[in-house]
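J.: Sending over a structure as structure tokens; questions will come in a sec.
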Amino acid sequence: MNVIIEFTVSALILLGAVFALLGSIGLVRLPDFFTRLHGPTKATTLGVGAMVLASAIYFTATQPGVSLHEIAVMVFLFITAPVTAHLLAKAALHRRGNHVAKHQEKVK
Amino acid sequence: MLTLAVEVGFVLIGLAMTLNLWRLVRGPDATDRILALDTLTINAIALLVLFGIRAGSSAYFEAALVLAAMSFVGTMALCKYLLRGDIIE
């Protein structure tokens, strides 16, 4: 295998792993749920996308023919991440609204 | 170089999954737990991709695709349950 391809694949794998780890650190360290939502939905998605791209390059270089079905995983992840984040934020707002309403009833 | 990168990637992704597990156990609200579970499956996809590169076999991608679809549907169902108190109305 070509040295340039090997270097590119290694760099993409390391970049992806570091971004996934950063997303998880954000999930643990950030103070509020709405800030915590940022880590996994942006950093982790980008990290896994980079790793899948590395895998696509690797299998295109080592096996005959262009390996494109990894791109399907990447596209699927990039489409579903915002939808998941939107619905999670909606659910969290709904729950927080319920908590506030209950608290106001208690105060009355 | 590639073997070393794959090994380091395993370590980093394992660390990330441990942090997700901590948030899944600890999470103050149900939405935190759903988010942690979703991130856990996305990291599992990354782990499967790394296994595929190390084994040199592209058969792991079918599993990764199925895991991505299942994770999406599961998160949707849990969010719908929190929003409406029912999944299929």
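Following the order of the structure tokens, first chain is A, next is B, and so on, with residues numbered from 1 inside each chain and ligands from 1 in the order they appear.
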Hey, list the chain A side of the contact with chain B: 7 Å cut-off, only C-alpha atoms, answer as a PDB file with N, CA and C atoms, in the first residue's frame.
T.:
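That gives us result-v5.pdb:
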ATOM      1  N   GLU A   6      -1.482   5.390   3.411  1.00  0.00           N
ATOM      2  CA  GLU A   6      -1.412   4.891   4.790  1.00  0.00           C
ATOM      3  C   GLU A   6      -1.398   6.062   5.780  1.00  0.00           C
ATOM      4  N   SER A  10      -4.257   6.861   8.573  1.00  0.00           N
ATOM      5  CA  SER A  10      -3.907   6.945  10.000  1.00  0.00           C
ATOM      6  C   SER A  10      -4.315   8.291  10.582  1.00  0.00           C
ATOM      7  N   ILE A  13      -8.060   8.463  11.060  1.00  0.00           N
ATOM      8  CA  ILE A  13      -8.505   7.646  12.201  1.00  0.00           C
ATOM      9  C   ILE A  13      -8.218   8.379  13.507  1.00  0.00           C
ATOM     10  N   LEU A  14      -7.019   8.936  13.645  1.00  0.00           N
ATOM     11  CA  LEU A  14      -6.665   9.633  14.894  1.00  0.00           C
ATOM     12  C   LEU A  14      -7.538  10.865  15.088  1.00  0.00           C
ATOM     13  N   ALA A  17     -11.006   9.730  16.160  1.00  0.00           N
ATOM     14  CA  ALA A  17     -11.049   9.243  17.542  1.00  0.00           C
ATOM     15  C   ALA A  17     -10.960  10.401  18.520  1.00  0.00           C
ATOM     16  N   VAL A  18     -10.104  11.401  18.220  1.00  0.00           N
ATOM     17  CA  VAL A  18      -9.967  12.553  19.126  1.00  0.00           C
ATOM     18  C   VAL A  18     -11.269  13.347  19.164  1.00  0.00           C
ATOM     19  N   ALA A  20     -14.320  12.181  18.603  1.00  0.00           N
ATOM     20  CA  ALA A  20     -15.325  11.402  19.338  1.00  0.00           C
ATOM     21  C   ALA A  20     -15.090  11.531  20.842  1.00  0.00           C
ATOM     22  N   LEU A  21     -13.822  11.483  21.252  1.00  0.00           N
ATOM     23  CA  LEU A  21     -13.507  11.614  22.677  1.00  0.00           C
ATOM     24  C   LEU A  21     -13.887  13.000  23.187  1.00  0.00           C
ATOM     25  N   SER A  24     -17.551  13.195  23.844  1.00  0.00           N
ATOM     26  CA  SER A  24     -17.950  12.520  25.077  1.00  0.00           C
ATOM     27  C   SER A  24     -17.522  13.310  26.300  1.00  0.00           C
ATOM     28  N   ILE A  25     -16.356  13.967  26.228  1.00  0.00           N
ATOM     29  CA  ILE A  25     -15.943  14.815  27.355  1.00  0.00           C
ATOM     30  C   ILE A  25     -16.934  15.961  27.527  1.00  0.00           C
ATOM     31  N   VAL A  28     -19.974  14.839  29.327  1.00  0.00           N
ATOM     32  CA  VAL A  28     -19.823  14.649  30.775  1.00  0.00           C
ATOM     33  C   VAL A  28     -19.633  15.984  31.489  1.00  0.00           C
ATOM     34  N   PHE A  33     -28.334  20.557  30.210  1.00  0.00           N
ATOM     35  CA  PHE A  33     -28.650  19.596  29.140  1.00  0.00           C
ATOM     36  C   PHE A  33     -28.541  20.219  27.763  1.00  0.00           C
ATOM     37  N   PRO A  40     -22.111  15.639  21.662  1.00  0.00           N
ATOM     38  CA  PRO A  40     -22.318  14.440  20.841  1.00  0.00           C
ATOM     39  C   PRO A  40     -22.844  14.746  19.446  1.00  0.00           C
ATOM     40  N   VAL A  48     -16.932  10.366  13.869  1.00  0.00           N
ATOM     41  CA  VAL A  48     -17.297   9.094  13.249  1.00  0.00           C
ATOM     42  C   VAL A  48     -17.291   9.237  11.726  1.00  0.00           C
ATOM     43  N   MET A  51     -13.766   8.816  10.604  1.00  0.00           N
ATOM     44  CA  MET A  51     -13.322   7.416  10.659  1.00  0.00           C
ATOM     45  C   MET A  51     -13.892   6.603   9.512  1.00  0.00           C
ATOM     46  N   VAL A  52     -15.180   6.852   9.186  1.00  0.00           N
ATOM     47  CA  VAL A  52     -15.792   6.115   8.083  1.00  0.00           C
ATOM     48  C   VAL A  52     -15.129   6.492   6.758  1.00  0.00           C
ATOM     49  N   SER A  55     -11.947   4.615   6.505  1.00  0.00           N
ATOM     50  CA  SER A  55     -12.204   3.233   6.115  1.00  0.00           C
ATOM     51  C   SER A  55     -12.502   3.127   4.621  1.00  0.00           C
ATOM     52  N   GLU A  70     -19.408   2.585   2.478  1.00  0.00           N
ATOM     53  CA  GLU A  70     -19.147   3.280   3.738  1.00  0.00           C
ATOM     54  C   GLU A  70     -19.781   4.667   3.736  1.00  0.00           C
ATOM     55  N   VAL A  73     -23.146   4.916   5.355  1.00  0.00           N
ATOM     56  CA  VAL A  73     -23.165   5.090   6.810  1.00  0.00           C
ATOM     57  C   VAL A  73     -22.967   6.559   7.163  1.00  0.00           C
ATOM     58  N   THR A  80     -29.223  11.974  10.248  1.00  0.00           N
ATOM     59  CA  THR A  80     -30.020  11.679  11.439  1.00  0.00           C
ATOM     60  C   THR A  80     -29.585  12.491  12.657  1.00  0.00           C
ATOM     61  N   THR A  84     -32.226  13.953  15.472  1.00  0.00           N
ATOM     62  CA  THR A  84     -32.181  13.469  16.854  1.00  0.00           C
ATOM     63  C   THR A  84     -32.029  14.628  17.836  1.00  0.00           C
ATOM     64  N   LEU A  87     -35.311  16.626  18.187  1.00  0.00           N
ATOM     65  CA  LEU A  87     -36.359  15.975  18.969  1.00  0.00           C
ATOM     66  C   LEU A  87     -35.977  15.896  20.445  1.00  0.00           C
ATOM     67  N   LEU A  88     -34.675  15.695  20.735  1.00  0.00           N
ATOM     68  CA  LEU A  88     -34.236  15.641  22.139  1.00  0.00           C
ATOM     69  C   LEU A  88     -34.433  17.002  22.808  1.00  0.00           C
ATOM     70  N   ALA A  91     -38.076  17.413  23.514  1.00  0.00           N
ATOM     71  CA  ALA A  91     -38.506  16.619  24.673  1.00  0.00           C
ATOM     72  C   ALA A  91     -38.032  17.266  25.968  1.00  0.00           C
ATOM     73  N   ALA A  92     -36.793  17.799  25.981  1.00  0.00           N
ATOM     74  CA  ALA A  92     -36.268  18.415  27.204  1.00  0.00           C
ATOM     75  C   ALA A  92     -37.051  19.674  27.552  1.00  0.00           C
ATOM     76  N   HIS A  94     -40.162  20.279  26.746  1.00  0.00           N
ATOM     77  CA  HIS A  94     -41.470  19.814  27.192  1.00  0.00           C
ATOM     78  C   HIS A  94     -41.416  19.407  28.666  1.00  0.00           C
TER      79      HIS A  94
END
J.: Which neighbours of His38 (chain A) fall inside 9 Å, counting only C-alpha atoms, when residues of the same chain fewer than 6 positions from it are skipped, and could you give them as a PyMOL selection string?
T.: chain A and resi 23+26-27+85
J.: Would you export the selected residues with C-alpha atoms as a PDB file, in the first residue's frame, please?
T.:
ATOM      1  CA  GLY A  23     -17.719  14.960  22.176  1.00  0.00           C
ATOM      2  CA  GLY A  26     -18.404  17.580  26.473  1.00  0.00           C
ATOM      3  CA  LEU A  27     -21.282  15.230  27.313  1.00  0.00           C
ATOM      4  CA  ALA A  85     -30.874  16.691  18.424  1.00  0.00           C
TER       5      ALA A  85
END
